[in-house]
Each structure stands twice: as structure tokens, then as C-alpha cells.
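Before any comments, here is the structure.
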Amino acid sequence: MASSCSSSLAFSLSLLLALILCFTPTQSSKTIGKGYRLISIEESPDGGFIGYLQVKQKNKIYGSDITTLRLFVKHETDSRLRVHITDAKQQRWEVPYNLLPREQPPQVGKVIGKSRKSPITVQEISGSELIFSYTTDPFTFAVKRRSNHETLFNTSSSLVFKDQYLEISTSLPKEASLYGLGENSQANGIKLVPNEPYTLYTEDVSAINLNTDLYGSHPMYMDLRNVGGKAYAHAVLLLNSNGMDVFYRGDSLTYKVIGGVFDFYFIAGPSPLNVVDQYTQLIGRPAPMPYWSLGFHQCRWGYHNLSVVEDVVDNYKKAKIPLDVIWNDDDHMDGHKDFTLNPVAYPRAKLLAFLDKIHKIGMKYIVINDPGIGVNASYGTYQRAMAADVFIKYEGKPFLAQVWPGPVYFPDFLNPKTVSWWGDEIKRFHDLVPIDGLWIDMNEVSNFCSGLCTIPQGKQCPSGEGPGWVCCLDCKNITKTRWDDPPYKINATGVVAPVGFKTIATSATHYNGVREYDAHSIYGFSETIATHKGLLDVKGKRPFILSRSTFVGSGKYAAHWTGDNQGTWQSLQVSISTMLNFGIFGVPMVGSDICGFYPQPTEELCNRWIEVGAFYPFSRDHANYYSPRQELYQWDTVADSARNALGMRYKILPFLYTLNYEAHMSGAPIARPLFFSFPEYTECYGNSRQFLLGSSLMISPVLEQGKTEVEALFPPGSWYHMFDMTQAVVSKNGKRVTLPAPLNFVNVHLYQNTILPMQQGGLISKDARTTPFSLVITFPAGASEGYATGKLYLDEDELPEMKLGNGQSTYVDFYASVGNGTVKMWSQVKEGKFALSKGWVIEKLSVLGLKGTGQASEIQINGSPMTKKIEVSSKEHTYVIGLEDEEENKSVMVEVRGLEMLVGKDFNMSWKMGIN
């Protein structure tokens, strides 16, 4: 359950705290120190370079300077440069290498004497595309692109490196467009706005709070520049899990970090798609998702008993609205305790009968799980956890907090014993209830109390009276250590709140003495990895996990939803930016609570939201306990919109699943900003009101109240409307077009040069998968010559791995061309056995943008004249805006029905077009 009310309370209290806390003024690096000088640099045995830096002048601002630093520079690949700076004498905290596998730099700790001060003869370290150059006194460095000589990163000001305060800056050209630095709700769209607060520290703060740090920490940004008419993108990752402020001023960017090391990765690109490919090569490819997870999901906090859940499923079926997955928030639990069932509201025998019924038709069931384990001597999960000694400690005892069950302890997922215990608890629960996935929430980690707490004597906690998020423990502030009260105050929660506010005390300790101060922002990441292992071990199937808190690399294991949003038009608009950001972060399976988590949306808003949410990669309706019901069938008009939009989603499931495969293989986001496909078209750099699925399917939704038309940006080319393929928008140089958008209508357009595989849809993805395929083929409108491509990936979707070569997957490349009045289509199949075993056939072709009369003749398949009776039809296209040359407007759509071409077997087909 998302803790909307608790997070709103936390935010309000943090504002109050801001008024009483003494704010430490932001110091510039010029006043903090004189930086460092480079005293030596030499090549290391692994192909990198090691240098040593010596502080020029010490001071006590934010603590003492570390005297000597070790610099390590290495071109790890042709497109990735690493710059690692740490204490030269002792190991410092870094993101654990077992959690996020990557190359380890040479160990530190060697004595630095005069023998180390070798002459500095190297002035730059060159790679295939990235060049590292530096000055020695004071030490600064720059990263440049070889191909166009652009400077990508330039630390022109002094480096600051103290135990609890690290600062570094880079200058930026004003024309650079930046994206990333999440997680936050960006009111102004996906493009970063100068002088807004960008704080990275995982917090349970409701997503309705704009421009503040939220549930995840992704210290990565993409920089897109148009240089002489050509687009170049690169990315910068500062791999550091400590809290940080990032100050973006438009012409500069400054990191102020409260611990750890500088571990920079520079990703060369040069296209946005290249960037995400190279980035996920480092942090881990996105997880393969089961086919059913791309269907529609329904959830609510407040399904009080099993009969309500059964009623929801029945009503979706009666309304003929697709539904694949039904969810339970903590209503199924006994007293909010993980891995339990409420024996009255969710009696096991009846729940098993219900699950057997829905599993037989292909539906799935997912439940929530929070990390806090109720302190309850009669609770088996707690007993086993205490016996295994798996909890985070404070001064040798488990750290006490409060979440929904009341007093709780938090498992320490950095401890291998915890991972084993957690997996065992998942198995025990799966034996009790055959769940199909887990939803891990509140894992920032969220705590309804702050400080050092004890269970009050003589009163029940929680009392059962009043909201469950009110702290009922006896607590006192912890400020006695520099970890609880660091010298530099990050701008957490939008104000200067203590770093331990409403979470684990930052002086608490994890396995091997690791401080919460350092590991705080990877808590959800470490829980996700443990949950993934537990589900994989238990089910032997492809795990599905939805996590609220994320970190660099979380996409390798889990999907994400954007947390506690509001049923408002602004939250609908912001959902697009957040979704697109997570695609850049390597978490492509993402979406927001459709219709808003709270309060109740209006009927009109819910209409418009499902028209957007039907095209989120992760599509789920979810509502708050205190909100009225908002399932899609609650309003007749919303049901109409849902049948329309989700009807299209279920038809394009093969396309979405193929995008899922591409994401797993190359990191390519499922939902993308327009600039991914049109990087040279600068008009789309700030566009956050439209998005692409893959490279070519564009969604242009209504995002404002009372509107029945939408102004959409169309990059250059021909775009065909998916709901009426005779309708097209054509622009030679890119245009804004006002499109009709009545209440139950969403504008979805397919770009030229594309082959889109579709099926006939259905109410459950399992059924939709069995229907015949069709191919939509788009050429530039009226072109006498053209070329189009598409692809299709199919597999046994619950196999743990998503790959070719296992005998249970098929991959098809589709091609089409038009020229000399002849239309040709053909396929190249890799490993067709699986598709052939399913008997899948292509029944229909729709070819758009053809020049001529559409009188197809001399139809041939695989080199022989068509003997089977098929249906051929043609219609002229209608243009919303026409081509400049009126003659070119005369193009047609040709449909060929009644085909029986096997998906798993190569085919080629051709016909002659009648030409006027």
C-alpha cells in the first residue's frame, strides 16, 4: 500500500522542521578550498592510469580535507570512460560490487612516497571516442568527444573532497538539453530546468509533491546537443549512493555529495538510443517481463474481502474491458503482517478456489509486501528472522520503527543470511498462496517515526484508533553522531530535513558494519535483488516484481510505478515525463496509477487517463483506501474509453512484447521521448505531452480539462492513424497540428517505413495470443519508392530467460518495399520451430501510403501465383494536412485478407499496383 497520507504528513512536518532548523548556507567551492594538485600519473597494469592528488590548502568547512586522493582513469569500452577518485590511503564506501557488478579499480592503501612522484608526461588519455585531458595545478579534468571535438564535461572549478562532503562542477553550453537526475515529479516536463532543486536521496514523499526527491535515486543525466545540424547525445553517471544535491544552473552543473567517492562513467552515445544501450551494458539490461504483465492490471487499497475482488473480476468481464492481473494491497494480510492471510476476509480455501478459477483462464494474482517485519512473538516470520539475526542494528539491537503492522524491524538485505531467510519466507507464502509476482512497497525505507524509539508500556501500538500512519512509539531524536547530523544538509524532501527523518537512523548499521548513512538509497535495490532470487528459486519462472524504490540497476530485476500520484490533470501530465525518465534510467517497465491514487478523479479525467495509461508500458489502475471506487467500469463513458484504448493495446501486444525483448537485449526504452527517433528535430527536445512506443508509434493524448482536440507535434514524415488507417498526417519539415479528440477518442499514429505486427485482441492476453496476426506496413505517403521494416519476438513467456536458442522462442524480421509499381513483402525467420508449434498465421496485410489506384494484380506468394481466394480492397487516404504537391496526395491503403502465411516460416509476397 502506498503511504500517501503518511508521506503527506511527513512532508508537512518537514516543512515545519525547515523553519526551526538552522540552515547551513551553501558555500561555493572557491570559499571551501583551493583544490588539489596532481603529483604523479602512470599507466596501471590493467590498461588504465593511476594518479595521485595532493590537497593544496586545508580548511575545516564541512570537515577536514582528505590529504591525498587516488585518481583512476580507464577507457572500459570504446564508448565508456571511467574516472574514479577516492582516498589514496583507505577504502571508502562504494556501491557494493556484488549488488551492481562492474570492473573494480585497483585497491587503495599503498604508501605514497617520493618514488611515486614520477614525472607527469601524459597530457591526455585518448580512447576511440572519448578523450580525458587534465591540468595539474590545480587539478582539473575534461572529457571531450573525438569525432566533433565537443567538450562534454569540464571541471573548471576546484575539486573538494572531505569525508562527508564532496563537490565537483562542470561547465555546460547553454544549448545543451539535459534529462534525468531522478526520481522526481517534474512539473515543467522531461527536460531539466535550471535552478530547480535536484536532490537524490530515497524518500517516502508523495509524488504529488513537485520537484522534490522521491522514491528512487538515479544520479545520471543525458545531455543532447545539436551541433551544426547534427545531434549528439552522451550521458554522465556519478555512481554514488550517498545523499546529494545537484545544482543545475543552465551553464553549469555542480554535485554536492555527503559521502562515498567520485565514480564517474561517461557514456559516448552518440544517439539517445546508443546512450541507453551503453548505459545498460554497464548497469544491467532490463529484466525480461512475462507476456501477461503487458496486459491490464487492477488494484485498490481497500478490497476488504475476497468477495469484493471476485466482484471486480466479474464486472470487468461483464463490461468487456480487458483485464489480466488482479492485485491485493495489504487487505489480504492478517494485521498488515507480511506473508500472512487474513483468515476472515481472505480464507485460504476460498482464495485458493478463486485463484484456481482465474489461473485456468490465464489471469494472474499479485500481492503487496513491505520490508518492515512486525515485532510480534507469535508471528512465524518474525520468529525465524530473529533466529537468523537478519535485522538492521542500532547499537547492537534491531532498529525499531513503525509501519502498518505497528512496531517493526527492517531486514538487512546486504546480509547474505537475510537473502536466504527472505527467499524461504517467499517460498512459505507461495506454498500458502500461489501468487504470480510480488509488489514491494515502502522500501525507501519508510518509517512513520523518527529517531530512537521504544514500544510504549501500558498501551497498544498501533491502537486501532485514528490513522495508522501516526507514530505511536516513544521516540527521541538522534543527533549525537556526525552521521545523524552531517555537516552539509542536503535538500531532502524539498526542505532541509534531517537525513534520518521518517526513515532508518543513519547511524544504524548493516552487515559488516556498513552505515545506513551510506547504504540508505540502495535499500530498495537490495530488497529487489533478494526478492528476484526468492521468486526465481520458488517458481522457476520469469519473476515479476514491482518496486517503489529504485536505484541504478534496478531495471535488471523489477518494474516500477511512480508512487502516490493525485487524481488531477497535473499528475496526468507529469506521469509522461516520469515514465520517459525511467526508460532513460534503464527501467522500461514503468507506469503511473491510472486515474490517480487519491483523491477521486472526475469522470472526464479518468476517461483521458485511461487513454494515456493504456499505452504506459506498465498499465494499472490503483486507488487509495479513502477514495471512492474508480475501476474503469464505474462510469459508462470511462468504460467506453477503456474498451477503445485497451482494445488497441491488446491488439499491439506482440509489438509491446517485442519491445520488451529489445529492452532486455539492448536497453532500448519501451516508451520513448520523440527525440529518440528524431534527434535532429530540435522542436521535440522539450516535448513532454506526447511519447513514442518503440521508434514509430506516437501517442498524442488530451491532457487538459474540457478539451476535445489536441495540438500535436508531428516530426517530418507521414503518420497514419491507428484507429482509422485512411487518415494521415504528412509534413515535410515537421508541424504542429490540431487534431479532433472527442471524449472516447485517442490519437495514435504510426510512422512511415514501419511494419507493425498485431493480433486481434481479446479480454485476456492469453486468449489474444492465440488469434491470427496482421501486419500494418507504412510507406511515405504517395511515394513511388519506399522501404519498411519490422520485427517480432515470440517465446514461452514464463521461461526465466528471454533469448533465442532454447527451442522455445522465435524471432522474425519483416521487410517490405515498393518500386516500379511493385509491392514486395518478405520475412526472415530465426528458429521458427516455436512459432510453428503454435500454428500462428498471418491473416491480413494493410499497406499504407501506396501510389496508384490500389488495383492489386499478379499477386504471388513464395514465387507462385495466388491460388487461394483472398479478399483485396483499397481506400484512398485522407490527409489532415496535405503534401505541398497536390498530385502526391493521391495515395491508397491496400488490404489483403484471407492469407494463411505461417509466422514461423519464411515467406515472400508481391503484387503489381495499378498506376494512374
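For the C-alpha cells, the naming scheme is as follows: chains receive sequential letters (A, B, ...) according to their order of presentation, residues are indexed from 1 within each chain, and ligands are indexed from 1 in presentation order.
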For Tyr232 of chain A, find every residue with an atom within 9 Å (counting only C-alpha atoms), except residues of its own chain fewer than 6 positions away, and show them as a VMD selection string.
chain A and resid 223 to 226 268 to 272 679 to 680
Using only C-alpha atoms, determine which residues lie at most 9 Å from segment 813-829 of chain A, disregarding the query and same-chain residues fewer than 5 positions distant; provide the list as a ChimeraX atom specification.
/A:753-755,777,779,783-792,850-852,862,903-915
Any chance you can output those residues with N, CA and C atoms as a compact mmCIF listing (two decimals), in the first residue's frame?
# COMPACT_ATOMS: atom_id res chain seq x y z
N ASN A 753 7.67 3.84 -43.02
CA ASN A 753 8.80 2.90 -43.08
C ASN A 753 8.75 1.84 -41.99
N THR A 754 7.55 1.56 -41.51
CA THR A 754 7.38 0.65 -40.37
C THR A 754 6.53 -0.55 -40.76
N ILE A 755 6.84 -1.70 -40.19
CA ILE A 755 5.95 -2.87 -40.25
C ILE A 755 5.59 -3.23 -38.82
N ILE A 777 1.82 -2.06 -42.76
CA ILE A 777 3.04 -1.66 -43.45
C ILE A 777 2.86 -0.23 -43.93
N PHE A 779 4.41 3.19 -45.85
CA PHE A 779 5.38 3.85 -46.72
C PHE A 779 5.13 5.36 -46.67
N ALA A 783 4.62 7.88 -52.14
CA ALA A 783 5.97 7.66 -52.66
C ALA A 783 5.95 6.56 -53.71
N SER A 784 6.68 6.78 -54.78
CA SER A 784 6.78 5.74 -55.81
C SER A 784 7.82 4.70 -55.42
N GLU A 785 8.69 5.06 -54.46
CA GLU A 785 9.66 4.11 -53.94
C GLU A 785 9.67 4.21 -52.42
N GLY A 786 9.84 3.08 -51.76
CA GLY A 786 9.88 3.09 -50.30
C GLY A 786 10.33 1.76 -49.74
N TYR A 787 10.65 1.79 -48.44
CA TYR A 787 11.19 0.60 -47.77
C TYR A 787 10.70 0.62 -46.33
N ALA A 788 10.30 -0.54 -45.82
CA ALA A 788 9.80 -0.61 -44.44
C ALA A 788 10.32 -1.87 -43.77
N THR A 789 10.49 -1.79 -42.46
CA THR A 789 10.97 -2.95 -41.69
C THR A 789 10.18 -3.08 -40.39
N GLY A 790 10.19 -4.27 -39.86
CA GLY A 790 9.59 -4.54 -38.55
C GLY A 790 10.16 -5.83 -38.00
N LYS A 791 9.78 -6.14 -36.77
CA LYS A 791 10.31 -7.35 -36.15
C LYS A 791 9.29 -7.90 -35.18
N LEU A 792 9.46 -9.17 -34.85
CA LEU A 792 8.54 -9.85 -33.95
C LEU A 792 9.31 -10.89 -33.15
N LEU A 850 0.50 3.85 -50.50
CA LEU A 850 0.86 3.43 -51.85
C LEU A 850 0.39 4.43 -52.90
N LYS A 851 1.18 4.58 -53.91
CA LYS A 851 0.82 5.44 -55.03
C LYS A 851 0.15 4.60 -56.10
N GLY A 852 -0.99 5.06 -56.57
CA GLY A 852 -1.68 4.31 -57.61
C GLY A 852 -3.15 4.15 -57.32
N ASN A 862 5.53 -16.69 -52.32
CA ASN A 862 6.65 -17.63 -52.42
C ASN A 862 6.91 -18.04 -53.87
N VAL A 903 3.72 -17.80 -39.47
CA VAL A 903 4.67 -16.86 -38.85
C VAL A 903 6.05 -17.48 -38.75
N GLY A 904 6.10 -18.79 -38.48
CA GLY A 904 7.39 -19.45 -38.24
C GLY A 904 8.11 -19.89 -39.49
N LYS A 905 7.65 -19.45 -40.65
CA LYS A 905 8.27 -19.88 -41.90
C LYS A 905 8.50 -18.67 -42.80
N ASP A 906 9.66 -18.61 -43.43
CA ASP A 906 9.95 -17.50 -44.34
C ASP A 906 8.87 -17.41 -45.43
N PHE A 907 8.49 -16.20 -45.77
CA PHE A 907 7.57 -16.02 -46.90
C PHE A 907 8.04 -14.83 -47.72
N ASN A 908 7.58 -14.79 -48.96
CA ASN A 908 7.70 -13.57 -49.76
C ASN A 908 6.44 -13.43 -50.59
N MET A 909 6.03 -12.19 -50.75
CA MET A 909 4.77 -11.90 -51.41
C MET A 909 4.95 -10.65 -52.25
N SER A 910 4.27 -10.57 -53.37
CA SER A 910 4.38 -9.37 -54.20
C SER A 910 3.11 -9.19 -55.00
N TRP A 911 2.89 -7.95 -55.45
CA TRP A 911 1.80 -7.67 -56.38
C TRP A 911 2.13 -6.41 -57.16
N LYS A 912 1.45 -6.24 -58.26
CA LYS A 912 1.59 -5.04 -59.08
C LYS A 912 0.48 -4.06 -58.70
N MET A 913 0.87 -2.79 -58.65
CA MET A 913 -0.12 -1.74 -58.37
C MET A 913 -0.57 -1.10 -59.67
N GLY A 914 -1.90 -0.85 -59.77
CA GLY A 914 -2.39 -0.07 -60.90
C GLY A 914 -1.96 1.38 -60.76
N ILE A 915 -1.42 1.99 -61.82
CA ILE A 915 -0.93 3.36 -61.75
C ILE A 915 -1.78 4.24 -62.67
How close does segment 273-370 of chain A get to segment 239-251 of chain A? List, as CSV, each residue of segment 273-370 of chain A within 12 Å, its nearest atom pair and the distance in Å to one decimal, counting only C-alpha atoms.
residue,atom,partner,partner_atom,distance
A:Tyr279,CA,A:Leu239,CA,11.9
A:Leu282,CA,A:Leu239,CA,11.1
A:Ile283,CA,A:Leu239,CA,10.0
Keeping only N, CA, C and O atoms, write those residues as a tab-separated table (two decimals), in the first residue's frame.
chain	number	residue	atom	x	y	z
A	279	TYR	N	24.67	2.48	-21.52
A	279	TYR	CA	24.42	2.64	-20.08
A	279	TYR	C	23.95	1.32	-19.46
A	279	TYR	O	24.44	0.90	-18.40
A	282	LEU	N	26.44	-1.33	-18.84
A	282	LEU	CA	27.17	-1.16	-17.58
A	282	LEU	C	26.32	-1.58	-16.38
A	282	LEU	O	26.79	-2.35	-15.53
A	283	ILE	N	25.09	-1.09	-16.28
A	283	ILE	CA	24.32	-1.27	-15.04
A	283	ILE	C	23.44	-2.51	-15.04
A	283	ILE	O	22.88	-2.88	-14.00
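The shortest atom-to-atom distance to Val847 of chain A, with only C-alpha atoms taken into account, belongs to A:Gln752 out of A:Gln752, A:Ser446, A:Thr528, A:Thr140.
Reported to one decimal place, the separation of atom CA of Phe618 of chain A from atom CA of His560 of chain A is 8.0 Å.
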Could you produce a table of the residues of segment 468-564 of chain A lying within 8 Å of segment 286-308 of chain A, with the nearest pair of atoms per residue and their separation in Å rounded to one decimal, using only C-alpha atoms, ordered by chain and increasing residue number, as JSON lines?
{"residue": "A:Arg542", "atom": "CA", "partner": "A:Pro290", "partner_atom": "CA", "distance": 6.4}
{"residue": "A:Pro543", "atom": "CA", "partner": "A:Met289", "partner_atom": "CA", "distance": 7.6}
{"residue": "A:Phe544", "atom": "CA", "partner": "A:Met289", "partner_atom": "CA", "distance": 6.7}
{"residue": "A:Gly555", "atom": "CA", "partner": "A:Pro286", "partner_atom": "CA", "distance": 4.8}
{"residue": "A:Lys556", "atom": "CA", "partner": "A:Pro286", "partner_atom": "CA", "distance": 4.3}
{"residue": "A:Tyr557", "atom": "CA", "partner": "A:Ala287", "partner_atom": "CA", "distance": 5.2}
{"residue": "A:Ala558", "atom": "CA", "partner": "A:Ala287", "partner_atom": "CA", "distance": 6.5}
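If you look at atom CA of Gly524 of chain A and atom CA of Arg629 of chain A, they are 29.8 Å away from each other.
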Determine the nearest neighbour of Lys766 of chain A from the options A:Leu653, A:Ser157, A:Ala388, A:Lys417, counting only C-alpha atoms.
A:Leu653
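Using only C-alpha atoms, the smallest distance between any of A:Gln860, A:Gln164, A:Gln855, A:Asn98 and Asp65 of chain A comes from A:Gln164.
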Shell around segment 344-350 of chain A at 12 Å using only C-alpha atoms, local window under 3 positions removed, as a PyMOL selection string
chain A and resi 302-310+328+330-335+340-341+353-357+429+431-434
Can I get the selection written as a PDB file, in the first residue's frame, with N, CA and C atoms?
ATOM      1  N   GLY A 302      -8.076  -1.388  -0.206  1.00  0.00           N
ATOM      2  CA  GLY A 302      -9.434  -1.309   0.314  1.00  0.00           C
ATOM      3  C   GLY A 302     -10.373  -2.350  -0.262  1.00  0.00           C
ATOM      4  N   TYR A 303      -9.813  -3.416  -0.890  1.00  0.00           N
ATOM      5  CA  TYR A 303     -10.648  -4.569  -1.233  1.00  0.00           C
ATOM      6  C   TYR A 303     -10.791  -5.404   0.039  1.00  0.00           C
ATOM      7  N   HIS A 304     -11.830  -5.075   0.822  1.00  0.00           N
ATOM      8  CA  HIS A 304     -11.911  -5.523   2.216  1.00  0.00           C
ATOM      9  C   HIS A 304     -12.002  -7.032   2.374  1.00  0.00           C
ATOM     10  N   ASN A 305     -12.527  -7.721   1.369  1.00  0.00           N
ATOM     11  CA  ASN A 305     -12.592  -9.173   1.474  1.00  0.00           C
ATOM     12  C   ASN A 305     -12.569  -9.778   0.073  1.00  0.00           C
ATOM     13  N   LEU A 306     -12.474 -11.086   0.040  1.00  0.00           N
ATOM     14  CA  LEU A 306     -12.304 -11.785  -1.230  1.00  0.00           C
ATOM     15  C   LEU A 306     -13.503 -11.601  -2.151  1.00  0.00           C
ATOM     16  N   SER A 307     -14.688 -11.488  -1.598  1.00  0.00           N
ATOM     17  CA  SER A 307     -15.872 -11.349  -2.445  1.00  0.00           C
ATOM     18  C   SER A 307     -15.814 -10.062  -3.253  1.00  0.00           C
ATOM     19  N   VAL A 308     -15.206  -9.009  -2.695  1.00  0.00           N
ATOM     20  CA  VAL A 308     -15.052  -7.759  -3.442  1.00  0.00           C
ATOM     21  C   VAL A 308     -14.130  -7.981  -4.644  1.00  0.00           C
ATOM     22  N   VAL A 309     -13.033  -8.694  -4.434  1.00  0.00           N
ATOM     23  CA  VAL A 309     -12.096  -8.982  -5.523  1.00  0.00           C
ATOM     24  C   VAL A 309     -12.786  -9.801  -6.612  1.00  0.00           C
ATOM     25  N   GLU A 310     -13.546 -10.804  -6.199  1.00  0.00           N
ATOM     26  CA  GLU A 310     -14.275 -11.626  -7.168  1.00  0.00           C
ATOM     27  C   GLU A 310     -15.258 -10.772  -7.971  1.00  0.00           C
ATOM     28  N   ASN A 328      -3.869  -7.435  -4.775  1.00  0.00           N
ATOM     29  CA  ASN A 328      -4.275  -7.074  -3.420  1.00  0.00           C
ATOM     30  C   ASN A 328      -3.230  -6.190  -2.790  1.00  0.00           C
ATOM     31  N   ASP A 330      -2.686  -4.480   1.137  1.00  0.00           N
ATOM     32  CA  ASP A 330      -2.494  -5.289   2.351  1.00  0.00           C
ATOM     33  C   ASP A 330      -3.793  -5.818   2.951  1.00  0.00           C
ATOM     34  N   ASP A 331      -4.910  -5.663   2.237  1.00  0.00           N
ATOM     35  CA  ASP A 331      -6.194  -6.153   2.752  1.00  0.00           C
ATOM     36  C   ASP A 331      -6.196  -7.656   2.986  1.00  0.00           C
ATOM     37  N   HIS A 332      -5.388  -8.383   2.224  1.00  0.00           N
ATOM     38  CA  HIS A 332      -5.364  -9.847   2.373  1.00  0.00           C
ATOM     39  C   HIS A 332      -4.581 -10.295   3.607  1.00  0.00           C
ATOM     40  N   MET A 333      -3.821  -9.383   4.215  1.00  0.00           N
ATOM     41  CA  MET A 333      -2.916  -9.752   5.306  1.00  0.00           C
ATOM     42  C   MET A 333      -3.649  -9.852   6.645  1.00  0.00           C
ATOM     43  N   ASP A 334      -3.050 -10.592   7.534  1.00  0.00           N
ATOM     44  CA  ASP A 334      -3.510 -10.682   8.913  1.00  0.00           C
ATOM     45  C   ASP A 334      -2.792  -9.589   9.714  1.00  0.00           C
ATOM     46  N   GLY A 335      -3.518  -8.514  10.023  1.00  0.00           N
ATOM     47  CA  GLY A 335      -2.929  -7.431  10.811  1.00  0.00           C
ATOM     48  C   GLY A 335      -1.777  -6.738  10.111  1.00  0.00           C
ATOM     49  N   THR A 340       1.275 -13.287   5.378  1.00  0.00           N
ATOM     50  CA  THR A 340       0.148 -13.842   6.132  1.00  0.00           C
ATOM     51  C   THR A 340      -1.147 -13.654   5.355  1.00  0.00           C
ATOM     52  N   LEU A 341      -2.179 -14.388   5.761  1.00  0.00           N
ATOM     53  CA  LEU A 341      -3.516 -14.252   5.200  1.00  0.00           C
ATOM     54  C   LEU A 341      -4.499 -13.916   6.304  1.00  0.00           C
ATOM     55  N   ALA A 353      -9.555 -21.466  -4.258  1.00  0.00           N
ATOM     56  CA  ALA A 353     -10.561 -21.781  -5.278  1.00  0.00           C
ATOM     57  C   ALA A 353     -10.672 -20.655  -6.298  1.00  0.00           C
ATOM     58  N   PHE A 354     -10.632 -19.408  -5.809  1.00  0.00           N
ATOM     59  CA  PHE A 354     -10.680 -18.252  -6.707  1.00  0.00           C
ATOM     60  C   PHE A 354      -9.461 -18.227  -7.623  1.00  0.00           C
ATOM     61  N   LEU A 355      -8.270 -18.459  -7.046  1.00  0.00           N
ATOM     62  CA  LEU A 355      -7.048 -18.422  -7.846  1.00  0.00           C
ATOM     63  C   LEU A 355      -7.024 -19.554  -8.861  1.00  0.00           C
ATOM     64  N   ASP A 356      -7.523 -20.708  -8.481  1.00  0.00           N
ATOM     65  CA  ASP A 356      -7.588 -21.808  -9.431  1.00  0.00           C
ATOM     66  C   ASP A 356      -8.473 -21.434 -10.618  1.00  0.00           C
ATOM     67  N   LYS A 357      -9.573 -20.751 -10.323  1.00  0.00           N
ATOM     68  CA  LYS A 357     -10.514 -20.336 -11.364  1.00  0.00           C
ATOM     69  C   LYS A 357      -9.869 -19.334 -12.317  1.00  0.00           C
ATOM     70  N   PHE A 429       5.206 -18.558   1.777  1.00  0.00           N
ATOM     71  CA  PHE A 429       3.972 -17.870   1.408  1.00  0.00           C
ATOM     72  C   PHE A 429       3.429 -18.405   0.089  1.00  0.00           C
ATOM     73  N   ASP A 431       3.715 -21.375  -0.982  1.00  0.00           N
ATOM     74  CA  ASP A 431       3.070 -22.651  -0.662  1.00  0.00           C
ATOM     75  C   ASP A 431       1.672 -22.423  -0.085  1.00  0.00           C
ATOM     76  N   LEU A 432       1.514 -21.296   0.607  1.00  0.00           N
ATOM     77  CA  LEU A 432       0.219 -20.950   1.195  1.00  0.00           C
ATOM     78  C   LEU A 432      -0.726 -20.391   0.137  1.00  0.00           C
ATOM     79  N   VAL A 433      -0.175 -19.497  -0.711  1.00  0.00           N
ATOM     80  CA  VAL A 433      -0.960 -18.818  -1.756  1.00  0.00           C
ATOM     81  C   VAL A 433      -0.117 -18.774  -3.034  1.00  0.00           C
ATOM     82  N   PRO A 434      -0.560 -19.387  -4.118  1.00  0.00           N
ATOM     83  CA  PRO A 434       0.253 -19.420  -5.350  1.00  0.00           C
ATOM     84  C   PRO A 434       0.214 -18.087  -6.097  1.00  0.00           C
TER      85      PRO A 434
END
What residues in segment 322-444 of chain A get the DSSP label helix (DSSP H, G or I)? Please answer as a ChimeraX atom specification.
/A:330-332,348-361,380-388,416-432
